[in-house]
Each structure stands twice: as structure tokens, then as C-alpha cells.
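The next block holds one structure in the form of C-alpha cells; read it before the comments.
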Amino acid sequence: MRRLLVLLFRTSLTTVFITALFGCSRIDHKQSALDPKGLVSQNQYDVFMLSVWITIFLFCAVGGCLLFVLWKYRAKSKEEAMEIPPQSHGNSKIETSLILVSAVILVILAIPTLQGVVLMNRVPDANDEQTLKKLNLDRSQIEGAITVNVTGKRFFWIFEYPQFGIVTANELVFPASKAVRINLRTEDVIHSFWVPKLAGKMDLMPGQENFMWFIADQEKILSGKPTTEAMPSVFDGKMRQTVFAKQKFSDEFEPVGGLFYGQCAEYCGNSHAYMSFRALAQTDEDFDSWVKRFQNSQNPNLQPSAYNPEKQYKKGSIVTFADKSLGDQVQREFRSTKKITKGEAPNISGKSWAKAHSDDYEIGKQLFSSLQCVQCHAVNRTGIGAKGPNLTLYGLRTSLAAGWMRNDEESLSTWLKNSNEVKFGNLMWNGEGVDDTHPLRQLENDDEKVNQLIAYLLGQI
Ligand code: CUA
């Protein structure tokens, strides 16, 4: 009896300890699959909880039987303790029924698991009213689905929107009310795409295209708050402002609505842990505005052209024209402040044209080419490179270095000066052809150039 009490005491101590340990971690942690905010993740959560309850039931049943037997058949006296109990060999009835019960439990688990696998691998058919009804989806949510081609690279993400002809990196903007089809591929090693609150993991395999999809639960994102607060808009920088105002970078919870954390979930090299990203949910209108801005920014036909003295210009037109004060052959962008008549060339001191950007921005733009950044990064219409993350409208991003740092002057300066210290093994610092003679590696002690690059990059809005 005493031993049994000691055993019980130890068990309860362990339980208290484990409970305390789990108490330290909240289920709404930013990368928690236990706080589903989408249909697919909710389904996976339900399957998980079913198996948890079955496990708890089994634990109690087996543990209860054990305790019962220990109590019932305990030795009640010293003599009894010395006796050898009658020996028997199994009990085929109990054994058979246990096997049957196990099989039934497996079937109970298998049905929703297989249904979940089917759900995860295929967006429901828009014409399949029965399924849509069961999933509580509206036809328009499927018909208006967007597609994102995700490419994993060491150590960042490319997000291409084939329907809209635009490309971005590391921040996946999507409409909260619509299904999002995700085509996954990699250009180097295996990665894994994981936004815990929206959907489960799926690997990106060399030479193979994988697929998954998700749809956010708009009700849960809004949770009764006004839309502008629950889902700040990305296209005009409100999301960035809200994130910066509310969130410490180390925040482990989700203080800003519509912001979901994503992470590469398959070891892919030394900076695998830093290969994160963000998924930003938007209202339909805000998403459309974001797409429009991106399309305009990535449209080569909308690039400001050189000033033409034979042309008249409307107020607000942007042209490029030489600005000797910035150096020989430097073309700067000018914006007309009124209607321009023929032959009225941009002139800094003139009243008809104004500088479209600061001097730092224009010098930063030159540096972006001369320091060879353009070889890997496309920025709006100017870059040609695609080896590194696309930086179109970079000033609207909330994070930098693949979701790893806050995208502000301070972090950007740290990153530009020595990105290897932030993200060991990254290819901007360690890629082919980058050695100690590369101009990028000379930035460490050059605050002026770094600040000019920052003015240019964050000026992409
Ligand atoms: Cu990419 Cu781990």
C-alpha cells in the first residue's frame, strides 16, 4: 500500500511538472498549428485532436486497468506475498477483443485522416455544391482562387502570381476571402513550405512540383474588429506601419491581424532556421490595389522615359534628365509641377520641374548598379537580376532577410554592412564570385553609401 502511494505521489508530481512546462508555451504562439485560422489547418487540427482524445482515452483505460489490478490483487499479508499465484497462459478472448478494438480505433482515425489528405491535395470543385456546403464555402471563394508559384531558394522564397504577371519575395500577399493555390518547386535543395495557422507543411522537391492550398478564415481574422484594424492594407504601407507600431520583433504572438508567420520546415543548409516568410491576408479591394501597384511597378512600358523637348507634358509627369550635380551622365527623375510646354527642360532651380526623389535616393540608385546589386535583384523596373529576392515596392515590406528582421533603416544597415553575421551562409555574401574584393564587402565602414542605398531601397514605395 505504501509503495502504491509513493508511486501515485511520484506520478502526480511528474504530471504537475509537465503541465507547468506546457503552461510556458501558449497555443496562440506565432508558429502554432494549434491555433488554426484557415479551413485546411482547421481540418488538420481536428484530426490531430481526435487522435489526442483517443490517446487520452487509451491512456486512462490502460492505466486504470493497471491500477485496478495492482490494487485488487495486492498481497494482503506476508504469507500471501510468499505464495506463487496460479500460473496461466494467455486469454485468447481478451487478446482477440483487444486486437479488434485496436483495429476499430485505427479505422476511426483513418477515415478523417484520408479525407484530410484528399482535402489538402485538391481545391474543391466550384461546381460540387455538396462539398462546398459541407465545407461551408461559397462558390465565389473557389472561382476567385488565386495561384501562387512558390520557389524555394537558399534561403528565401520567390512568390510569383501567374494570373497577374507579377513577382515578389518573402511576403505572400493574398485575399483573405479566396482560396490560394500554391505550386511548390525548388531551384536547389529540399525546402518545406509551412504557414502553421493556415495549412500544413509541404515539401519543395528538386525536379518535382508539389501542390497545396489554403483558405483563411476571414471571420477569425476579423473577430469583430473593423476591417482596417483587423487587416491593415499592404499597398499603401499601413500593414508595415501597424506591424512596426504594435510588434516588437521578438513577439511570439500575433498582434497584427492578417499577418501570418511562415517557415521553411525542412533542413536546407546553415541558415535554414532563418528561412522564414510572411503571409499577409487582405480584403479583396486591398488585394486588388496591391496587385495594381505591382503590375504598374513591374510594367516596363510605364518606366519614366528620357525628357523629350518636342513633347508637352501634363502636370505630374515623370521624366529622366541629366543632373550634373550628381555626377557626369547621372540621369535623375523629375516630376512636372505644372503643364509643361515644348522645350521647357528640367532644371533644378526652375519652378516647372521638381526632383522626384532625394539626392540620397538618386545616388543610392547609382550605387545599386555600380556595387553590382542589380545582378541579383530586380527593383521595380530597373533591375534585370533574378538570383536574389525581387525588391519591387520593397519599402512596403514589413520584414527583411526572408522574414527574419524588421524592415527598417537600422536592420537594413546591419544587413547591408555584414549580412553574413545576420544570416550565416547567405549567397549575397557567399555566392559565386563574391569574395573580399567585391564592393558589397567594402560597405562595412562606409556609412554614407549604406545610407544612400537605404534611401533608395526604402524609397521603393
Ligand atoms: Cu529552406 Cu530549410
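Ligands are numbered from 1 in the order shown, residues from 1 within each chain, and chains are lettered A, B, ... in the order they appear in the C-alpha cells.
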
Output as a ChimeraX atom specification all residues of region 218-402 of chain A that backbone DSSP marks as helix (DSSP H, G or I). /A:218-222,227-230,238-246,272-274,284-297,300-302,324-326,359-370,373-375,394-396

At a cut-off of 8 Å and counting only C-alpha atoms and all ligand atoms, what residues surround ligand 1? Please answer as a PyMOL selection string. chain A and resi 152-156+189-192+263-269+271-273+275

Store the residues of this selection in a file with all heavy atoms, as a short mmCIF file (atom, residue, chain, number, x, y, z; two decimals), in the first residue's frame.
data_model
loop_
_atom_site.label_atom_id
_atom_site.label_comp_id
_atom_site.auth_asym_id
_atom_site.auth_seq_id
_atom_site.Cartn_x
_atom_site.Cartn_y
_atom_site.Cartn_z
N GLY A 152 11.47 27.84 -53.72
CA GLY A 152 12.37 27.91 -52.56
C GLY A 152 13.80 28.05 -53.04
O GLY A 152 14.21 27.40 -54.01
N LYS A 153 14.54 28.95 -52.42
CA LYS A 153 15.96 29.11 -52.74
C LYS A 153 16.67 29.23 -51.40
O LYS A 153 16.08 29.65 -50.41
CB LYS A 153 16.20 30.39 -53.54
CG LYS A 153 15.42 30.47 -54.85
CD LYS A 153 16.30 30.42 -56.05
CE LYS A 153 16.84 31.78 -56.45
NZ LYS A 153 17.64 31.69 -57.67
N ARG A 154 17.94 28.89 -51.40
CA ARG A 154 18.66 29.08 -50.15
C ARG A 154 18.97 30.56 -49.99
O ARG A 154 19.76 31.09 -50.77
CB ARG A 154 19.93 28.25 -50.13
CG ARG A 154 19.59 26.75 -49.99
CD ARG A 154 20.80 25.92 -49.75
NE ARG A 154 21.80 26.15 -50.75
CZ ARG A 154 23.08 25.83 -50.56
NH1 ARG A 154 23.49 25.30 -49.46
NH2 ARG A 154 23.96 26.08 -51.51
N PHE A 155 18.45 31.32 -49.05
CA PHE A 155 17.48 30.96 -48.03
C PHE A 155 16.38 31.98 -48.08
O PHE A 155 16.26 32.83 -47.20
CB PHE A 155 18.15 30.95 -46.64
CG PHE A 155 19.31 30.00 -46.58
CD1 PHE A 155 20.59 30.45 -46.81
CD2 PHE A 155 19.10 28.64 -46.34
CE1 PHE A 155 21.65 29.55 -46.78
CE2 PHE A 155 20.16 27.75 -46.31
CZ PHE A 155 21.46 28.21 -46.53
N PHE A 156 15.60 31.96 -49.15
CA PHE A 156 14.47 32.88 -49.27
C PHE A 156 13.42 32.27 -50.21
O PHE A 156 13.60 31.18 -50.73
CB PHE A 156 14.94 34.25 -49.76
CG PHE A 156 15.46 34.24 -51.18
CD1 PHE A 156 14.63 34.56 -52.25
CD2 PHE A 156 16.77 33.91 -51.46
CE1 PHE A 156 15.08 34.56 -53.55
CE2 PHE A 156 17.25 33.90 -52.76
CZ PHE A 156 16.40 34.21 -53.80
N VAL A 189 17.95 22.80 -53.12
CA VAL A 189 17.77 21.60 -52.30
C VAL A 189 16.31 21.48 -51.86
O VAL A 189 15.47 22.27 -52.27
CB VAL A 189 18.70 21.66 -51.07
CG1 VAL A 189 20.15 21.64 -51.48
CG2 VAL A 189 18.40 22.92 -50.24
N ILE A 190 16.02 20.53 -50.99
CA ILE A 190 14.65 20.37 -50.49
C ILE A 190 14.35 21.43 -49.43
O ILE A 190 15.16 21.68 -48.54
CB ILE A 190 14.43 18.98 -49.87
CG1 ILE A 190 14.78 17.89 -50.87
CG2 ILE A 190 12.98 18.82 -49.41
CD1 ILE A 190 14.56 16.49 -50.31
N HIS A 191 13.22 22.10 -49.58
CA HIS A 191 12.72 23.02 -48.56
C HIS A 191 11.31 22.53 -48.19
O HIS A 191 10.79 21.59 -48.80
CB HIS A 191 12.62 24.45 -49.08
CG HIS A 191 13.91 24.99 -49.63
ND1 HIS A 191 14.87 25.57 -48.84
CD2 HIS A 191 14.40 25.04 -50.89
CE1 HIS A 191 15.89 25.96 -49.59
NE2 HIS A 191 15.64 25.65 -50.84
N SER A 192 10.69 23.20 -47.24
CA SER A 192 9.31 22.84 -46.91
C SER A 192 8.54 24.10 -46.57
O SER A 192 8.98 24.92 -45.77
CB SER A 192 9.29 21.86 -45.74
OG SER A 192 7.97 21.48 -45.46
N GLN A 263 7.50 29.43 -42.31
CA GLN A 263 8.85 28.98 -42.01
C GLN A 263 9.22 27.84 -42.93
O GLN A 263 8.37 27.00 -43.24
CB GLN A 263 8.91 28.54 -40.54
CG GLN A 263 10.17 27.85 -40.10
CD GLN A 263 11.37 28.78 -40.10
OE1 GLN A 263 11.25 29.95 -39.73
NE2 GLN A 263 12.52 28.31 -40.55
N CYS A 264 10.48 27.81 -43.37
CA CYS A 264 10.96 26.62 -44.07
C CYS A 264 11.09 25.53 -43.03
O CYS A 264 11.70 25.73 -41.99
CB CYS A 264 12.30 26.88 -44.73
SG CYS A 264 12.99 25.40 -45.51
N ALA A 265 10.49 24.37 -43.31
CA ALA A 265 10.41 23.35 -42.28
C ALA A 265 11.20 22.10 -42.65
O ALA A 265 10.93 21.01 -42.17
CB ALA A 265 8.95 23.00 -42.01
N GLU A 266 12.16 22.26 -43.56
CA GLU A 266 12.99 21.12 -43.92
C GLU A 266 14.43 21.63 -43.95
O GLU A 266 14.71 22.64 -44.61
CB GLU A 266 12.57 20.61 -45.31
CG GLU A 266 13.40 19.48 -45.85
CD GLU A 266 13.15 18.16 -45.14
OE1 GLU A 266 11.98 17.83 -44.89
OE2 GLU A 266 14.14 17.48 -44.82
N TYR A 267 15.31 20.94 -43.27
CA TYR A 267 16.69 21.44 -43.18
C TYR A 267 17.29 21.60 -44.57
O TYR A 267 17.29 20.67 -45.37
CB TYR A 267 17.54 20.49 -42.33
CG TYR A 267 18.94 21.02 -42.20
CD1 TYR A 267 19.20 22.14 -41.42
CD2 TYR A 267 20.00 20.43 -42.89
CE1 TYR A 267 20.47 22.66 -41.33
CE2 TYR A 267 21.28 20.94 -42.79
CZ TYR A 267 21.51 22.05 -42.01
OH TYR A 267 22.77 22.57 -41.93
N CYS A 268 17.79 22.80 -44.86
CA CYS A 268 18.27 23.06 -46.22
C CYS A 268 19.65 23.72 -46.22
O CYS A 268 20.10 24.21 -47.24
CB CYS A 268 17.26 23.93 -46.96
SG CYS A 268 16.82 25.43 -46.08
N GLY A 269 20.32 23.75 -45.09
CA GLY A 269 21.65 24.34 -45.05
C GLY A 269 21.81 25.19 -43.81
O GLY A 269 20.89 25.28 -42.99
N SER A 271 21.64 28.28 -42.93
CA SER A 271 20.69 29.30 -42.49
C SER A 271 19.24 28.86 -42.65
O SER A 271 18.34 29.69 -42.77
CB SER A 271 20.94 30.62 -43.22
OG SER A 271 21.91 31.37 -42.52
N HIS A 272 19.03 27.57 -42.61
CA HIS A 272 17.66 27.04 -42.73
C HIS A 272 16.70 27.69 -41.72
O HIS A 272 15.59 28.07 -42.06
CB HIS A 272 17.70 25.53 -42.54
CG HIS A 272 16.48 24.94 -41.92
ND1 HIS A 272 15.31 24.81 -42.62
CD2 HIS A 272 16.23 24.49 -40.67
CE1 HIS A 272 14.40 24.28 -41.82
NE2 HIS A 272 14.92 24.09 -40.64
N ALA A 273 17.18 27.83 -40.49
CA ALA A 273 16.30 28.38 -39.44
C ALA A 273 15.90 29.82 -39.74
O ALA A 273 14.89 30.31 -39.24
CB ALA A 273 16.98 28.30 -38.09
N MET A 275 15.16 30.93 -42.71
CA MET A 275 14.42 30.98 -43.97
C MET A 275 12.93 31.04 -43.64
O MET A 275 12.19 30.08 -43.82
CB MET A 275 14.74 29.74 -44.82
CG MET A 275 14.14 29.78 -46.19
SD MET A 275 14.75 28.43 -47.20
CE MET A 275 13.54 28.46 -48.52
#

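Residues within 8 Å of region 417-429 of chain A, counting only C-alpha atoms and excluding same-chain residues fewer than 3 positions away, are Arg154, Phe155, Asn270, Ser271, Tyr274, Gly388, Ala401, Ser413, Thr414, Glu432, Val434, Asp435, Leu440, Arg441, Leu443, Glu444, Asn445 and Val450 of chain A.
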
How would the residues just chosen look if you wrote them out with C-alpha atoms as a PDB file, in the first residue's frame?
ATOM      1  CA  ARG A 154      18.661  29.081 -50.146  1.00  0.00           C
ATOM      2  CA  PHE A 155      17.484  30.955 -48.035  1.00  0.00           C
ATOM      3  CA  ASN A 270      23.282  26.521 -42.459  1.00  0.00           C
ATOM      4  CA  SER A 271      20.693  29.301 -42.492  1.00  0.00           C
ATOM      5  CA  TYR A 274      16.405  31.913 -40.893  1.00  0.00           C
ATOM      6  CA  GLY A 388      18.217  37.143 -55.297  1.00  0.00           C
ATOM      7  CA  ALA A 401      16.221  38.814 -44.871  1.00  0.00           C
ATOM      8  CA  SER A 413      22.043  48.932 -42.345  1.00  0.00           C
ATOM      9  CA  THR A 414      23.111  45.901 -40.278  1.00  0.00           C
ATOM     10  CA  GLU A 432      29.683  32.610 -56.643  1.00  0.00           C
ATOM     11  CA  VAL A 434      31.672  37.203 -54.152  1.00  0.00           C
ATOM     12  CA  ASP A 435      34.954  37.495 -52.291  1.00  0.00           C
ATOM     13  CA  LEU A 440      29.453  44.733 -51.187  1.00  0.00           C
ATOM     14  CA  ARG A 441      32.055  43.538 -48.730  1.00  0.00           C
ATOM     15  CA  LEU A 443      30.353  48.568 -47.161  1.00  0.00           C
ATOM     16  CA  GLU A 444      31.088  47.738 -43.550  1.00  0.00           C
ATOM     17  CA  ASN A 445      32.860  51.030 -42.842  1.00  0.00           C
ATOM     18  CA  VAL A 450      24.938  52.386 -46.845  1.00  0.00           C
TER      19      VAL A 450
END

Select from region 164-217 of chain A every residue with an atom at most 8 Å from any atom of region 286-291 of chain A, then for each give the shortest pair of atoms and their distance in Å to one decimal, using only C-alpha atoms, rows by chain and rising number, as a tab-separated table.
residue	atom	partner	partner_atom	distance
A:Phe164	CA	A:Val291	CA	7.2
A:Ile166	CA	A:Val291	CA	7.8
A:Val173	CA	A:Phe287	CA	7.3
A:Phe174	CA	A:Phe287	CA	6.5
A:Pro175	CA	A:Phe287	CA	5.7

Find the spatial neighbours of Thr320 (chain A), counting only C-alpha atoms, within a cut-off of 6 Å - ignore same-chain residues fewer than 3 positions away - and output them as a PDB file with N, CA and C atoms, in the first residue's frame.
ATOM      1  N   SER A 305      10.544  57.828 -69.152  1.00  0.00           N
ATOM      2  CA  SER A 305      11.476  57.890 -70.281  1.00  0.00           C
ATOM      3  C   SER A 305      12.235  59.219 -70.259  1.00  0.00           C
ATOM      4  N   ALA A 306      13.252  59.300 -71.096  1.00  0.00           N
ATOM      5  CA  ALA A 306      14.084  60.498 -71.131  1.00  0.00           C
ATOM      6  C   ALA A 306      13.247  61.697 -71.595  1.00  0.00           C
ATOM      7  N   TYR A 307      13.576  62.870 -71.087  1.00  0.00           N
ATOM      8  CA  TYR A 307      12.865  64.090 -71.452  1.00  0.00           C
ATOM      9  C   TYR A 307      12.973  64.350 -72.954  1.00  0.00           C
ATOM     10  N   GLN A 331      21.389  60.261 -64.660  1.00  0.00           N
ATOM     11  CA  GLN A 331      20.027  60.630 -65.031  1.00  0.00           C
ATOM     12  C   GLN A 331      19.179  60.628 -63.769  1.00  0.00           C
ATOM     13  N   ARG A 332      18.490  61.741 -63.507  1.00  0.00           N
ATOM     14  CA  ARG A 332      17.640  61.746 -62.316  1.00  0.00           C
ATOM     15  C   ARG A 332      16.184  61.865 -62.750  1.00  0.00           C
ATOM     16  N   GLU A 333      15.282  61.496 -61.863  1.00  0.00           N
ATOM     17  CA  GLU A 333      13.863  61.593 -62.202  1.00  0.00           C
ATOM     18  C   GLU A 333      13.303  62.944 -61.772  1.00  0.00           C
TER      19      GLU A 333
END

Rounded to one decimal in Å, what is the spacing between CA of Asp447 (chain A) and CA of Lys246 (chain A)?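 Separating CA of Asp447 (chain A) from CA of Lys246 (chain A) is a distance of 28.9 Å.
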
Which residue of A:Tyr313, A:Phe368, A:Phe260, A:Tyr45 approaches Thr341 (chain A) most closely, using only C-alpha atoms: A:Tyr313

Write out as a ChimeraX atom specification all residues of region 74-314 of chain A that DSSP puts in strand (DSSP E or B) for this structure's backbone. /A:146-153,156-161,166-169,171-175,180-186,191-195,199-205,208,210-214,216,259-264,276-282,305-306,313

Just checking: using only C-alpha atoms, which residue out of A:Lys351, A:Arg278, A:Val123, A:Val256 ends up closest to Thr242 (chain A)?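 Counting only C-alpha atoms, the residue closest to Thr242 (chain A) is A:Val256.
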
Between A:Ala199, A:Leu135, A:Ala402, A:Leu391, which is the closest to Gly459 (chain A) once you count only C-alpha atoms?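 Nearest to Gly459 (chain A): A:Leu391.
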
Need to verify the contact set: Gly116 (chain A), 12 Å, only C-alpha atoms, exclusion of same-chain residues closer than 2 positions in sequence. Can you return it as a tab-separated table (two decimals) with all heavy atoms, in the first residue's frame?
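See result_28.tsv below for the written result:
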chain	number	residue	atom	x	y	z
A	39	LEU	N	-9.25	26.95	-43.27
A	39	LEU	CA	-10.04	25.74	-43.41
A	39	LEU	C	-9.17	24.48	-43.37
A	39	LEU	O	-9.47	23.52	-42.67
A	39	LEU	CB	-10.81	25.81	-44.74
A	39	LEU	CG	-11.80	24.71	-45.03
A	39	LEU	CD1	-13.09	25.32	-45.50
A	39	LEU	CD2	-11.28	23.74	-46.05
A	40	VAL	N	-8.06	24.50	-44.12
A	40	VAL	CA	-7.21	23.31	-44.19
A	40	VAL	C	-6.55	23.05	-42.83
A	40	VAL	O	-6.52	21.92	-42.33
A	40	VAL	CB	-6.15	23.46	-45.31
A	40	VAL	CG1	-5.23	22.26	-45.34
A	40	VAL	CG2	-6.83	23.63	-46.66
A	41	SER	N	-6.04	24.12	-42.21
A	41	SER	CA	-5.38	23.93	-40.92
A	41	SER	C	-6.39	23.49	-39.86
A	41	SER	O	-6.07	22.70	-38.97
A	41	SER	CB	-4.66	25.21	-40.49
A	41	SER	OG	-5.55	26.29	-40.50
A	42	GLN	N	-7.62	23.98	-39.96
A	42	GLN	CA	-8.66	23.57	-39.01
A	42	GLN	C	-8.93	22.08	-39.15
A	42	GLN	O	-9.03	21.36	-38.16
A	42	GLN	CB	-9.94	24.37	-39.26
A	42	GLN	CG	-11.08	24.06	-38.31
A	42	GLN	CD	-10.78	24.51	-36.87
A	42	GLN	OE1	-10.38	25.64	-36.66
A	42	GLN	NE2	-10.96	23.62	-35.90
A	43	ASN	N	-8.99	21.62	-40.40
A	43	ASN	CA	-9.22	20.21	-40.65
A	43	ASN	C	-8.09	19.36	-40.05
A	43	ASN	O	-8.33	18.34	-39.41
A	43	ASN	CB	-9.33	19.99	-42.16
A	43	ASN	CG	-9.43	18.53	-42.52
A	43	ASN	OD1	-8.43	17.87	-42.73
A	43	ASN	ND2	-10.64	18.00	-42.57
A	44	GLN	N	-6.85	19.82	-40.26
A	44	GLN	CA	-5.71	19.06	-39.73
A	44	GLN	C	-5.70	19.10	-38.20
A	44	GLN	O	-5.37	18.11	-37.55
A	44	GLN	CB	-4.41	19.64	-40.31
A	44	GLN	CG	-4.31	19.33	-41.80
A	44	GLN	CD	-3.29	20.16	-42.54
A	44	GLN	OE1	-2.77	21.13	-42.00
A	44	GLN	NE2	-3.01	19.79	-43.76
A	45	TYR	N	-6.11	20.23	-37.66
A	45	TYR	CA	-6.19	20.36	-36.20
A	45	TYR	C	-7.24	19.39	-35.65
A	45	TYR	O	-7.02	18.72	-34.64
A	45	TYR	CB	-6.56	21.81	-35.87
A	45	TYR	CG	-6.84	22.06	-34.41
A	45	TYR	CD1	-5.79	22.22	-33.51
A	45	TYR	CD2	-8.14	22.13	-33.92
A	45	TYR	CE1	-6.03	22.46	-32.16
A	45	TYR	CE2	-8.40	22.36	-32.58
A	45	TYR	CZ	-7.34	22.53	-31.71
A	45	TYR	OH	-7.59	22.76	-30.39
A	46	ASP	N	-8.38	19.29	-36.35
A	46	ASP	CA	-9.44	18.38	-35.88
A	46	ASP	C	-8.96	16.93	-35.86
A	46	ASP	O	-9.24	16.18	-34.92
A	46	ASP	CB	-10.69	18.52	-36.77
A	46	ASP	CG	-11.35	19.90	-36.60
A	46	ASP	OD1	-11.03	20.58	-35.60
A	46	ASP	OD2	-12.15	20.29	-37.47
A	47	VAL	N	-8.24	16.53	-36.93
A	47	VAL	CA	-7.72	15.16	-36.97
A	47	VAL	C	-6.74	14.94	-35.82
A	47	VAL	O	-6.76	13.93	-35.12
A	47	VAL	CB	-7.02	14.87	-38.33
A	47	VAL	CG1	-6.35	13.51	-38.32
A	47	VAL	CG2	-8.02	14.96	-39.47
A	48	PHE	N	-5.90	15.96	-35.61
A	48	PHE	CA	-4.92	15.87	-34.53
A	48	PHE	C	-5.63	15.72	-33.18
A	48	PHE	O	-5.28	14.85	-32.37
A	48	PHE	CB	-4.04	17.12	-34.53
A	48	PHE	CG	-3.17	17.26	-33.32
A	48	PHE	CD1	-2.05	16.45	-33.16
A	48	PHE	CD2	-3.46	18.18	-32.33
A	48	PHE	CE1	-1.25	16.56	-32.02
A	48	PHE	CE2	-2.67	18.31	-31.21
A	48	PHE	CZ	-1.57	17.49	-31.05
A	109	LEU	N	-9.58	6.48	-36.88
A	109	LEU	CA	-8.58	7.52	-37.18
A	109	LEU	C	-8.34	7.66	-38.68
A	109	LEU	O	-8.09	8.76	-39.19
A	109	LEU	CB	-7.25	7.16	-36.51
A	109	LEU	CG	-6.94	7.83	-35.19
A	109	LEU	CD1	-5.64	7.30	-34.62
A	109	LEU	CD2	-6.84	9.34	-35.37
A	110	ALA	N	-8.40	6.53	-39.37
A	110	ALA	CA	-8.02	6.54	-40.79
A	110	ALA	C	-9.02	7.33	-41.64
A	110	ALA	O	-8.63	8.05	-42.56
A	110	ALA	CB	-7.91	5.11	-41.30
A	111	ILE	N	-10.31	7.23	-41.31
A	111	ILE	CA	-11.31	7.88	-42.17
A	111	ILE	C	-11.11	9.39	-42.25
A	111	ILE	O	-10.90	9.93	-43.35
A	111	ILE	CB	-12.75	7.50	-41.72
A	111	ILE	CG1	-12.96	6.00	-41.98
A	111	ILE	CG2	-13.80	8.32	-42.45
A	111	ILE	CD1	-14.23	5.44	-41.38
A	112	PRO	N	-11.10	10.12	-41.12
A	112	PRO	CA	-10.87	11.56	-41.25
A	112	PRO	C	-9.48	11.91	-41.76
A	112	PRO	O	-9.30	12.93	-42.42
A	112	PRO	CB	-11.08	12.09	-39.83
A	112	PRO	CG	-10.95	10.93	-38.93
A	112	PRO	CD	-11.35	9.72	-39.72
A	113	THR	N	-8.49	11.03	-41.49
A	113	THR	CA	-7.13	11.31	-41.98
A	113	THR	C	-7.12	11.29	-43.51
A	113	THR	O	-6.60	12.21	-44.15
A	113	THR	CB	-6.13	10.27	-41.44
A	113	THR	OG1	-6.23	10.25	-40.02
A	113	THR	CG2	-4.71	10.62	-41.84
A	114	LEU	N	-7.72	10.24	-44.08
A	114	LEU	CA	-7.73	10.14	-45.54
A	114	LEU	C	-8.55	11.27	-46.15
A	114	LEU	O	-8.17	11.86	-47.16
A	114	LEU	CB	-8.28	8.78	-45.98
A	114	LEU	CG	-7.34	7.61	-45.67
A	114	LEU	CD1	-8.00	6.28	-45.98
A	114	LEU	CD2	-6.05	7.75	-46.47
A	118	VAL	N	-7.20	14.09	-48.86
A	118	VAL	CA	-7.88	14.47	-50.12
A	118	VAL	C	-8.14	15.98	-50.13
A	118	VAL	O	-7.86	16.68	-51.11
A	118	VAL	CB	-9.21	13.68	-50.28
A	118	VAL	CG1	-10.01	14.23	-51.45
A	118	VAL	CG2	-8.92	12.21	-50.45
A	119	LEU	N	-8.63	16.49	-49.00
A	119	LEU	CA	-8.94	17.93	-48.93
A	119	LEU	C	-7.69	18.78	-49.18
A	119	LEU	O	-7.73	19.76	-49.91
A	119	LEU	CB	-9.52	18.25	-47.54
A	119	LEU	CG	-9.78	19.74	-47.27
A	119	LEU	CD1	-11.02	20.21	-48.01
A	119	LEU	CD2	-9.94	20.02	-45.78
A	120	MET	N	-6.58	18.37	-48.57
A	120	MET	CA	-5.35	19.15	-48.64
A	120	MET	C	-4.76	19.19	-50.05
A	120	MET	O	-4.13	20.16	-50.44
A	120	MET	CB	-4.36	18.50	-47.68
A	120	MET	CG	-3.04	19.17	-47.54
A	120	MET	SD	-2.13	18.20	-46.32
A	120	MET	CE	-0.60	18.07	-47.17
A	121	ASN	N	-5.00	18.09	-50.80
A	121	ASN	CA	-4.36	17.97	-52.10
A	121	ASN	C	-5.16	18.52	-53.26
A	121	ASN	O	-4.67	18.56	-54.38
A	121	ASN	CB	-4.03	16.50	-52.39
A	121	ASN	CG	-2.77	16.09	-51.67
A	121	ASN	OD1	-1.73	16.70	-51.85
A	121	ASN	ND2	-2.88	15.10	-50.82
A	122	ARG	N	-6.41	18.90	-52.99
A	122	ARG	CA	-7.23	19.35	-54.12
A	122	ARG	C	-8.17	20.45	-53.67
A	122	ARG	O	-8.90	20.29	-52.70
A	122	ARG	CB	-8.01	18.16	-54.67
A	122	ARG	CG	-8.33	18.29	-56.14
A	122	ARG	CD	-9.06	17.07	-56.63
A	122	ARG	NE	-10.25	16.80	-55.84
A	122	ARG	CZ	-10.85	15.62	-55.75
A	122	ARG	NH1	-10.36	14.58	-56.37
A	122	ARG	NH2	-11.94	15.47	-55.02
A	123	VAL	N	-8.17	21.54	-54.42
A	123	VAL	CA	-9.14	22.59	-54.14
A	123	VAL	C	-10.51	22.04	-54.54
A	123	VAL	O	-10.63	21.48	-55.64
A	123	VAL	CB	-8.82	23.86	-54.97
A	123	VAL	CG1	-9.79	24.98	-54.64
A	123	VAL	CG2	-7.39	24.31	-54.71
A	135	LEU	N	-18.21	22.12	-46.52
A	135	LEU	CA	-17.04	22.87	-46.05
A	135	LEU	C	-17.39	24.31	-45.68
A	135	LEU	O	-16.53	25.09	-45.30
A	135	LEU	CB	-15.94	22.88	-47.13
A	135	LEU	CG	-15.34	21.53	-47.49
A	135	LEU	CD1	-14.42	21.67	-48.69
A	135	LEU	CD2	-14.58	20.96	-46.31
A	199	ALA	N	-2.14	26.25	-43.05
A	199	ALA	CA	-2.13	24.90	-43.65
A	199	ALA	C	-0.86	24.17	-43.22
A	199	ALA	O	0.09	24.79	-42.77
A	199	ALA	CB	-2.18	24.98	-45.16
A	200	GLY	N	-0.89	22.87	-43.40
A	200	GLY	CA	0.25	22.05	-43.00
A	200	GLY	C	1.44	22.19	-43.93
A	200	GLY	O	1.40	22.93	-44.90

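With only C-alpha atoms as the atoms that count, the minimum distance from Asp236 (chain A) to the choices A:Gly316, A:Gly395, A:Pro124, A:Pro346 is reached by A:Gly395.
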
Would you mind reading off the distance between CA of Ile363 (chain A) and CA of Leu453 (chain A), one decimal, in Å? 7.8 Å

Separation of CA of Val374 (chain A) from CA of Ala386 (chain A) in Å: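 Atom-to-atom, CA of Ala386 (chain A) to CA of Val374 (chain A), that is 8.8 Å.
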
Using only C-alpha atoms, which residue out of A:Thr131, A:Asn149, A:Ser297, A:Ser352 lies closest to Arg335 (chain A)?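 Answer, going by the shortest atom-to-atom distance: A:Ser352.
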
Option closest in space to Lys314 (chain A), from A:Asn407, A:Thr283, A:Thr337, A:Asn390 [counting only C-alpha atoms]: A:Thr337

Contacts of Asn210 (chain A) at 12 Å or less, counting only C-alpha atoms, minus same-chain residues fewer than 2 places along, as a PyMOL selection string? chain A and resi 120-122+149-152+181-186+190-193+201-208+212-213

Which residues are near region 223-234 of chain A? Cut-off 7 Å, only C-alpha atoms, ignore same chain within fewer than 6 positions. Put them as number ranges by chain. A: 257-258, 281-282, 286, 290, 396
